[in-house]
Structures are given as structure tokens and as C-alpha cells.
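Engineer: So that we are looking at the same thing, I have put the structure below in C-alpha cells.
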Amino acid sequence: MRLFHSKNTKLELLLRKHLFAMGFRYRLHSKELKGHPDIVFPRYKAVIFVHGCFWHAHEGCSCFRVPKTNQAFWLEKFRNNKERDRISIEWLESNGWRVCIVWECAVKRPIYFTFDELLDFICCWLKGGAHSCEIDGGGILPKLELDFEIFKVIRLGIS
Ligand SMILES: [Zn+2]
């Protein structure tokens, strides 16, 4: 469904613009990868999904609420969307990719961090080889367990 797969959302473009300016190079919506991740960083074996809180049914989020009409239809749709997300992430991880989910609310209305801190986090996450993670606007930024070997190698440009 086109709406669900709405690509190039404003938030995604914003992140891309800043990450590009920070020197990151990426591919977009890679068709070879399950779930067609929004931003793919082959060099870091990492992908970012920018999840709209509504379409991906971000539970407990103020940006998500089930529409009052046609509730059965919507609940079924949200269930399917979540299941598809889960399968894509499992597939990516089992194929050696690290996955970062950035929820829309992490950019639109974060409570505990600024946009610059979010960018710093993504930068460290990409370069430091940390595991998959999820960022939303209601929580703090995840704690990174960085792989300093990878970090050093990339910084020295030997990779
Ligand atoms: Zn949200």
C-alpha cells in the first residue's frame, strides 16, 4: 500500500540532509533488503528506518491513536504493519545488518534530547558498531556499547 510505504517523508529528508553534511554516504530504499530500509549505510553495515508513529502503530505515543471509525479495519492494518516490520528487522539482523528505528516523535517532539544530540547519537551508533536500537521521543537516547576497535579503524580510515 502506497501510504504505508510513503517514502521521502520530511523527517527522513531532514535526517538525510544532516547525515550527508556530516560526511555519511548512503543508499536509499534498497530493494534488495527486506523491508526496503529508508537509509542504508553499506560501509557500516547499518540501516535506518524512519517510522511514522501512525502507520507503524507506535504504542503509547501521543502521535498514535486508532481512528474512531472503522476500528476493526485499522486494528487489522496496524497488526499487519507491525508484523511486517518485525519480520523485516529479523531478516536484516540475521543477515548481519544493524538496524536503527527512529520514530517520528524522536524528531518531532523529543522530551529528553535535542535534534543535535539525536544526530550525534546516530553518528556514534553508525561508526561505533553498536547493536540495533530504537529511538523515540518519549524516552532518553539508548546507551551505546561502542566497539572501539571498529571506531578506531574507521577513524584511521583503514577499513
Ligand atoms: Zn511515536
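Naming scheme: A, B, ... for chains in displayed order of the C-alpha cells; residues 1 onward per chain; ligands 1 onward as shown.
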Tell me, which residues of chain A carry DSSP alpha helix (DSSP H), written as a PyMOL selection string?

Structural biologist: chain A and resi 10-21+71-94+104-108+115-128+148-156

Engineer: Could those residues be written to a file, using C-alpha atoms, as a PDB file, in the first residue's frame?

Structural biologist:
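So result.pdb came out as:
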```pdb
ATOM      1  CA  LYS A  10      10.014  15.299   5.631  1.00  0.00           C
ATOM      2  CA  LEU A  11      11.698  13.819   8.694  1.00  0.00           C
ATOM      3  CA  GLU A  12      13.623  11.344   6.635  1.00  0.00           C
ATOM      4  CA  LEU A  13      14.810  14.106   4.283  1.00  0.00           C
ATOM      5  CA  LEU A  14      15.876  16.192   7.263  1.00  0.00           C
ATOM      6  CA  LEU A  15      17.933  13.357   8.731  1.00  0.00           C
ATOM      7  CA  ARG A  16      19.468  12.556   5.361  1.00  0.00           C
ATOM      8  CA  LYS A  17      20.436  16.141   4.728  1.00  0.00           C
ATOM      9  CA  HIS A  18      22.257  16.408   8.052  1.00  0.00           C
ATOM     10  CA  LEU A  19      23.903  13.000   7.851  1.00  0.00           C
ATOM     11  CA  PHE A  20      25.127  13.795   4.346  1.00  0.00           C
ATOM     12  CA  ALA A  21      26.563  17.092   5.588  1.00  0.00           C
ATOM     13  CA  GLN A  71     -11.705   0.387  14.114  1.00  0.00           C
ATOM     14  CA  ALA A  72     -11.610  -3.270  13.090  1.00  0.00           C
ATOM     15  CA  PHE A  73     -10.090  -2.307   9.754  1.00  0.00           C
ATOM     16  CA  TRP A  74      -7.443  -0.131  11.369  1.00  0.00           C
ATOM     17  CA  LEU A  75      -6.537  -2.619  14.083  1.00  0.00           C
ATOM     18  CA  GLU A  76      -6.045  -5.279  11.452  1.00  0.00           C
ATOM     19  CA  LYS A  77      -3.935  -2.926   9.342  1.00  0.00           C
ATOM     20  CA  PHE A  78      -1.755  -1.895  12.293  1.00  0.00           C
ATOM     21  CA  ARG A  79      -1.274  -5.523  13.277  1.00  0.00           C
ATOM     22  CA  ASN A  80      -0.148  -6.359   9.741  1.00  0.00           C
ATOM     23  CA  ASN A  81       2.176  -3.380   9.575  1.00  0.00           C
ATOM     24  CA  LYS A  82       3.807  -4.270  12.882  1.00  0.00           C
ATOM     25  CA  GLU A  83       4.191  -7.874  11.853  1.00  0.00           C
ATOM     26  CA  ARG A  84       5.818  -6.810   8.582  1.00  0.00           C
ATOM     27  CA  ASP A  85       8.212  -4.541  10.495  1.00  0.00           C
ATOM     28  CA  ARG A  86       9.114  -7.350  12.869  1.00  0.00           C
ATOM     29  CA  ILE A  87       9.837  -9.768  10.002  1.00  0.00           C
ATOM     30  CA  SER A  88      11.955  -7.187   8.138  1.00  0.00           C
ATOM     31  CA  ILE A  89      14.056  -6.404  11.194  1.00  0.00           C
ATOM     32  CA  GLU A  90      14.613 -10.076  11.960  1.00  0.00           C
ATOM     33  CA  TRP A  91      15.656 -10.704   8.371  1.00  0.00           C
ATOM     34  CA  LEU A  92      18.058  -7.764   8.346  1.00  0.00           C
ATOM     35  CA  GLU A  93      19.678  -8.727  11.629  1.00  0.00           C
ATOM     36  CA  SER A  94      20.057 -12.347  10.634  1.00  0.00           C
ATOM     37  CA  GLU A 104       8.830  10.202  14.001  1.00  0.00           C
ATOM     38  CA  CYS A 105       8.244  11.533  17.541  1.00  0.00           C
ATOM     39  CA  ALA A 106      12.007  11.412  18.208  1.00  0.00           C
ATOM     40  CA  VAL A 107      12.386  14.213  15.687  1.00  0.00           C
ATOM     41  CA  LYS A 108       9.050  15.969  16.123  1.00  0.00           C
ATOM     42  CA  PHE A 115      17.937  17.279  17.423  1.00  0.00           C
ATOM     43  CA  ASP A 116      21.702  17.832  17.555  1.00  0.00           C
ATOM     44  CA  GLU A 117      22.018  15.216  20.280  1.00  0.00           C
ATOM     45  CA  LEU A 118      19.989  12.835  18.131  1.00  0.00           C
ATOM     46  CA  LEU A 119      22.385  13.419  15.226  1.00  0.00           C
ATOM     47  CA  ASP A 120      25.405  12.871  17.469  1.00  0.00           C
ATOM     48  CA  PHE A 121      23.870   9.664  18.692  1.00  0.00           C
ATOM     49  CA  ILE A 122      23.264   8.365  15.148  1.00  0.00           C
ATOM     50  CA  CYS A 123      26.805   9.308  14.164  1.00  0.00           C
ATOM     51  CA  CYS A 124      28.283   7.345  17.108  1.00  0.00           C
ATOM     52  CA  TRP A 125      25.918   4.476  16.516  1.00  0.00           C
ATOM     53  CA  LEU A 126      26.924   4.192  12.867  1.00  0.00           C
ATOM     54  CA  LYS A 127      30.666   4.483  13.409  1.00  0.00           C
ATOM     55  CA  GLY A 128      30.927   2.644  16.693  1.00  0.00           C
ATOM     56  CA  PHE A 148      36.143   0.857  19.947  1.00  0.00           C
ATOM     57  CA  GLU A 149      38.128  -1.342  17.590  1.00  0.00           C
ATOM     58  CA  ILE A 150      35.679  -0.602  14.769  1.00  0.00           C
ATOM     59  CA  PHE A 151      35.609   3.035  15.789  1.00  0.00           C
ATOM     60  CA  LYS A 152      39.377   3.327  15.648  1.00  0.00           C
ATOM     61  CA  VAL A 153      39.707   1.502  12.364  1.00  0.00           C
ATOM     62  CA  ILE A 154      37.104   3.710  10.716  1.00  0.00           C
ATOM     63  CA  ARG A 155      38.606   6.873  12.151  1.00  0.00           C
ATOM     64  CA  LEU A 156      42.017   5.942  10.859  1.00  0.00           C
TER      65      LEU A 156
END
```

Engineer: Tell me which protein, DNA and RNA residues are within 10 Å of range 27-32 of chain A, counting only C-alpha atoms, leaving out same-chain ones fewer than 6 positions away, and put them as a short mmCIF file (atom, residue, chain, number, x, y, z; two decimals) with N, CA, C and O atoms, in the first residue's frame.

Structural biologist:
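selection02.cif was written with the following content:
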```
data_model
loop_
_atom_site.label_atom_id
_atom_site.label_comp_id
_atom_site.auth_asym_id
_atom_site.auth_seq_id
_atom_site.Cartn_x
_atom_site.Cartn_y
_atom_site.Cartn_z
N LYS A 7 7.54 7.14 1.17
CA LYS A 7 8.99 7.34 1.24
C LYS A 7 9.28 8.82 1.20
O LYS A 7 8.43 9.63 0.85
N ASN A 8 10.51 9.14 1.52
CA ASN A 8 10.95 10.53 1.45
C ASN A 8 10.09 11.46 2.29
O ASN A 8 9.73 12.56 1.86
N ARG A 16 18.53 12.82 6.47
CA ARG A 16 19.47 12.56 5.36
C ARG A 16 20.34 13.76 5.08
O ARG A 16 21.55 13.65 4.89
N ASP A 38 14.84 2.79 4.85
CA ASP A 38 14.85 4.14 4.30
C ASP A 38 16.24 4.63 3.95
O ASP A 38 16.46 5.25 2.91
N ILE A 39 17.20 4.41 4.85
CA ILE A 39 18.57 4.87 4.61
C ILE A 39 19.52 3.71 4.90
O ILE A 39 19.47 3.12 5.97
N VAL A 40 20.35 3.40 3.91
CA VAL A 40 21.25 2.24 4.03
C VAL A 40 22.71 2.71 3.99
O VAL A 40 23.09 3.43 3.07
N PHE A 41 23.48 2.28 4.99
CA PHE A 41 24.90 2.66 5.07
C PHE A 41 25.73 1.40 4.87
O PHE A 41 26.11 0.74 5.86
N PRO A 42 26.05 1.05 3.62
CA PRO A 42 26.76 -0.21 3.36
C PRO A 42 28.09 -0.27 4.11
O PRO A 42 28.47 -1.32 4.61
N VAL A 47 21.40 0.12 8.81
CA VAL A 47 20.27 0.76 8.13
C VAL A 47 19.45 1.57 9.15
O VAL A 47 19.44 1.27 10.34
N ILE A 48 18.79 2.58 8.63
CA ILE A 48 17.88 3.37 9.47
C ILE A 48 16.49 3.32 8.86
O ILE A 48 16.32 3.47 7.64
N PHE A 49 15.51 3.05 9.71
CA PHE A 49 14.11 3.21 9.32
C PHE A 49 13.59 4.44 10.04
O PHE A 49 13.78 4.58 11.25
#
```

Engineer: At what distance in Å, to one decimal, does CA of Trp97 in chain A lie from CA of Glu145 in chain A?

Structural biologist: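 Separating CA of Glu145 in chain A from CA of Trp97 in chain A is a distance of 16.4 Å.
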
Engineer: So that each row is one residue of chain A with an atom at most 12 Å from ligand 1, can you give its shortest atom pair and the distance in Å to one decimal, using only C-alpha atoms and all ligand atoms, rows by chain and rising number, as a tab-separated table?

Structural biologist:
```
residue	atom	partner	partner_atom_place_in_ligand_line	distance
A:Val50	CA	ligand 1	1 (Zn)	10.7
A:His51	CA	ligand 1	1 (Zn)	8.2
A:Gly52	CA	ligand 1	1 (Zn)	7.3
A:Cys53	CA	ligand 1	1 (Zn)	4.4
A:Phe54	CA	ligand 1	1 (Zn)	7.7
A:Trp55	CA	ligand 1	1 (Zn)	10.2
A:His56	CA	ligand 1	1 (Zn)	9.0
A:Ala57	CA	ligand 1	1 (Zn)	8.1
A:His58	CA	ligand 1	1 (Zn)	5.1
A:Glu59	CA	ligand 1	1 (Zn)	7.4
A:Gly60	CA	ligand 1	1 (Zn)	7.7
A:Cys61	CA	ligand 1	1 (Zn)	4.5
A:Ser62	CA	ligand 1	1 (Zn)	6.6
A:Cys63	CA	ligand 1	1 (Zn)	5.4
A:Phe64	CA	ligand 1	1 (Zn)	6.5
A:Arg65	CA	ligand 1	1 (Zn)	10.2
A:Ile101	CA	ligand 1	1 (Zn)	10.9
A:Val102	CA	ligand 1	1 (Zn)	9.1
A:Trp103	CA	ligand 1	1 (Zn)	5.4
A:Glu104	CA	ligand 1	1 (Zn)	5.7
A:Cys105	CA	ligand 1	1 (Zn)	4.3
A:Ala106	CA	ligand 1	1 (Zn)	7.0
A:Val107	CA	ligand 1	1 (Zn)	9.4
A:Lys108	CA	ligand 1	1 (Zn)	8.9
A:Arg109	CA	ligand 1	1 (Zn)	8.7
A:Pro110	CA	ligand 1	1 (Zn)	9.3
A:Ile111	CA	ligand 1	1 (Zn)	11.6
A:Glu134	CA	ligand 1	1 (Zn)	11.0
A:Ile135	CA	ligand 1	1 (Zn)	9.2
A:Asp136	CA	ligand 1	1 (Zn)	6.0
A:Gly137	CA	ligand 1	1 (Zn)	6.3
A:Gly138	CA	ligand 1	1 (Zn)	7.6
A:Gly139	CA	ligand 1	1 (Zn)	10.2
```

Engineer: Just to confirm, what's the straight-line distance from CA of His131 in chain A to CA of Gly96 in chain A in Å (one decimal)?

Structural biologist: 10.5 Å

Engineer: Take CA of Phe113 in chain A and CA of Ile140 in chain A and report the distance between them in Å, one decimal.

Structural biologist: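 Those two atoms sit 6.9 Å apart.
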